[in-house]
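Quick notes on the structure that follows.
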Amino acid sequence: MHGRAGGQHHYPRPHPGRDFRLTLLLLLEHATLRFEMTDTRLERLPRDPAAGATPSDALSGRGLLLVAEYTERWGCEVRDAYTKTVWAEVLWSA
């Protein structure tokens with residue numbers, strides 16, 4: 001799910017202690033599947049892709065373009081002094 005979670009890449013390796021949690025919630029009453037990624041990188045809040053184009057030579061910054069395109073809605077919440085949660089929701093049909 002996360003752009004740096006696996007595979008080969010040319011990004012710097014994450015720092016030790018930079019844990020993350022992935023949560024998947026099926027909200028039956030709203031027919032919605034919610035993805036939540038929580039991490040300890042409060043200094044790196046996501047930038048709205050509609051705010052401007054990512055420079056063509058940038059190594060990151062395009063993931064939320066895909067999220068915005070394929071989900072109903074997404075956002076970011078700072079829930080405490082140590083973590084942020086980026087979430088996205090898609091409609092679920094049985």
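Following the order of the structure tokens, first chain is A, next is B, and so on, with residues numbered from 1 inside each chain and ligands from 1 in the order they appear.
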Exercise: Glu36 in chain A partners within 8 Å, only C-alpha atoms, chain neighbours under 6 positions left out, as number ranges by chain: A: 21-24, 85-88
Take the selection from the previous step and output its residues with N, CA, C and O atoms, as a PDB file, in the first residue's frame.
ATOM      1  N   ARG A  21       1.007   1.821  10.781  1.00  0.00           N
ATOM      2  CA  ARG A  21      -0.066   0.855  10.962  1.00  0.00           C
ATOM      3  C   ARG A  21      -1.036   1.023   9.801  1.00  0.00           C
ATOM      4  O   ARG A  21      -1.446   2.134   9.469  1.00  0.00           O
ATOM      5  N   LEU A  22      -1.418  -0.091   9.190  1.00  0.00           N
ATOM      6  CA  LEU A  22      -2.403  -0.101   8.123  1.00  0.00           C
ATOM      7  C   LEU A  22      -3.680  -0.710   8.683  1.00  0.00           C
ATOM      8  O   LEU A  22      -3.662  -1.795   9.254  1.00  0.00           O
ATOM      9  N   THR A  23      -4.797  -0.003   8.550  1.00  0.00           N
ATOM     10  CA  THR A  23      -6.090  -0.472   9.036  1.00  0.00           C
ATOM     11  C   THR A  23      -7.075  -0.481   7.875  1.00  0.00           C
ATOM     12  O   THR A  23      -7.141   0.494   7.115  1.00  0.00           O
ATOM     13  N   LEU A  24      -7.821  -1.562   7.744  1.00  0.00           N
ATOM     14  CA  LEU A  24      -8.886  -1.664   6.752  1.00  0.00           C
ATOM     15  C   LEU A  24     -10.196  -1.835   7.509  1.00  0.00           C
ATOM     16  O   LEU A  24     -10.316  -2.723   8.355  1.00  0.00           O
ATOM     17  N   THR A  85      -2.861  10.182  10.553  1.00  0.00           N
ATOM     18  CA  THR A  85      -3.513   9.107   9.822  1.00  0.00           C
ATOM     19  C   THR A  85      -4.018   9.662   8.491  1.00  0.00           C
ATOM     20  O   THR A  85      -4.783  10.620   8.468  1.00  0.00           O
ATOM     21  N   VAL A  86      -3.556   9.077   7.409  1.00  0.00           N
ATOM     22  CA  VAL A  86      -4.066   9.391   6.085  1.00  0.00           C
ATOM     23  C   VAL A  86      -5.074   8.294   5.757  1.00  0.00           C
ATOM     24  O   VAL A  86      -4.783   7.110   5.912  1.00  0.00           O
ATOM     25  N   TRP A  87      -6.278   8.688   5.339  1.00  0.00           N
ATOM     26  CA  TRP A  87      -7.331   7.722   5.088  1.00  0.00           C
ATOM     27  C   TRP A  87      -7.952   7.959   3.704  1.00  0.00           C
ATOM     28  O   TRP A  87      -7.849   9.033   3.143  1.00  0.00           O
ATOM     29  N   ALA A  88      -8.569   6.906   3.194  1.00  0.00           N
ATOM     30  CA  ALA A  88      -9.285   6.984   1.914  1.00  0.00           C
ATOM     31  C   ALA A  88     -10.468   6.035   1.982  1.00  0.00           C
ATOM     32  O   ALA A  88     -10.398   4.985   2.631  1.00  0.00           O
TER      33      ALA A  88
END
Excluding His30 in chain A and its own-chain neighbours fewer than 2 positions away, which residues fall within 12 Å of it when counting only C-alpha atoms? Please give them as an mmCIF file with N, CA, C and O atoms, in the first residue's frame.
data_model
loop_
_atom_site.group_PDB
_atom_site.id
_atom_site.type_symbol
_atom_site.label_atom_id
_atom_site.label_comp_id
_atom_site.auth_asym_id
_atom_site.auth_seq_id
_atom_site.Cartn_x
_atom_site.Cartn_y
_atom_site.Cartn_z
ATOM 1 N N LEU A 25 -11.172 -1.000 7.208
ATOM 2 C CA LEU A 25 -12.464 -1.051 7.880
ATOM 3 C C LEU A 25 -13.567 -1.202 6.842
ATOM 4 O O LEU A 25 -13.612 -0.441 5.872
ATOM 5 N N LEU A 26 -14.455 -2.152 7.047
ATOM 6 C CA LEU A 26 -15.633 -2.293 6.204
ATOM 7 C C LEU A 26 -16.795 -1.690 6.980
ATOM 8 O O LEU A 26 -17.228 -2.224 7.994
ATOM 9 N N LEU A 27 -17.272 -0.549 6.521
ATOM 10 C CA LEU A 27 -18.358 0.172 7.176
ATOM 11 C C LEU A 27 -19.663 -0.210 6.480
ATOM 12 O O LEU A 27 -20.079 0.423 5.506
ATOM 13 N N LEU A 28 -20.298 -1.266 6.975
ATOM 14 C CA LEU A 28 -21.479 -1.818 6.310
ATOM 15 C C LEU A 28 -22.627 -0.823 6.222
ATOM 16 O O LEU A 28 -23.317 -0.759 5.198
ATOM 17 N N THR A 32 -19.069 1.225 2.646
ATOM 18 C CA THR A 32 -17.782 1.863 2.381
ATOM 19 C C THR A 32 -16.641 1.015 2.926
ATOM 20 O O THR A 32 -16.734 0.457 4.014
ATOM 21 N N LEU A 33 -15.561 0.940 2.156
ATOM 22 C CA LEU A 33 -14.311 0.343 2.617
ATOM 23 C C LEU A 33 -13.348 1.480 2.887
ATOM 24 O O LEU A 33 -13.105 2.318 2.014
ATOM 25 N N ARG A 34 -12.826 1.556 4.112
ATOM 26 C CA ARG A 34 -11.934 2.652 4.519
ATOM 27 C C ARG A 34 -10.543 2.097 4.779
ATOM 28 O O ARG A 34 -10.371 1.139 5.512
ATOM 29 N N GLU A 89 -11.549 6.405 1.303
ATOM 30 C CA GLU A 89 -12.761 5.591 1.309
ATOM 31 C C GLU A 89 -13.220 5.296 -0.116
ATOM 32 O O GLU A 89 -13.194 6.182 -0.976
ATOM 33 N N VAL A 90 -13.634 4.054 -0.316
ATOM 34 C CA VAL A 90 -14.221 3.637 -1.586
ATOM 35 C C VAL A 90 -15.569 3.001 -1.290
ATOM 36 O O VAL A 90 -15.776 2.384 -0.245
ATOM 37 N N LEU A 91 -16.511 3.163 -2.210
ATOM 38 C CA LEU A 91 -17.821 2.525 -2.044
ATOM 39 C C LEU A 91 -17.679 1.034 -2.245
ATOM 40 O O LEU A 91 -16.930 0.571 -3.107
ATOM 41 N N TRP A 92 -18.414 0.282 -1.439
ATOM 42 C CA TRP A 92 -18.355 -1.175 -1.462
ATOM 43 C C TRP A 92 -19.703 -1.703 -1.920
ATOM 44 O O TRP A 92 -20.744 -1.281 -1.414
ATOM 45 N N SER A 93 -19.706 -2.603 -2.864
ATOM 46 C CA SER A 93 -20.966 -3.239 -3.269
ATOM 47 C C SER A 93 -20.782 -4.744 -3.185
ATOM 48 O O SER A 93 -19.776 -5.287 -3.624
#
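Residues with any atom within 10 Å of Leu65 in chain A, counting only C-alpha atoms and excluding same-chain neighbours fewer than 3 positions away, are Asp48, Pro49, Ala50, Ala53, Thr54, Gly61, Arg62, Ala68, Glu69 and Tyr70 of chain A.
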Residues from last step as file, C-alpha atoms, as a PDB file, in the first residue's frame:
ATOM      1  CA  ASP A  48      -3.455  18.103  -1.664  1.00  0.00           C
ATOM      2  CA  PRO A  49      -2.647  17.058  -5.265  1.00  0.00           C
ATOM      3  CA  ALA A  50      -5.094  19.713  -6.504  1.00  0.00           C
ATOM      4  CA  ALA A  53       1.651  19.830  -9.966  1.00  0.00           C
ATOM      5  CA  THR A  54       4.532  17.822  -8.569  1.00  0.00           C
ATOM      6  CA  GLY A  61       4.560  13.204  -4.384  1.00  0.00           C
ATOM      7  CA  ARG A  62       2.402  11.384  -6.909  1.00  0.00           C
ATOM      8  CA  ALA A  68      -7.757  11.013  -5.257  1.00  0.00           C
ATOM      9  CA  GLU A  69      -8.602   9.498  -8.636  1.00  0.00           C
ATOM     10  CA  TYR A  70      -9.764   6.075  -7.420  1.00  0.00           C
TER      11      TYR A  70
END
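Each of A:Lys84, A:Ala51, A:Thr40, A:Phe35 was compared to Val67 in chain A using only C-alpha atoms, and A:Phe35 turns out to be the nearest.
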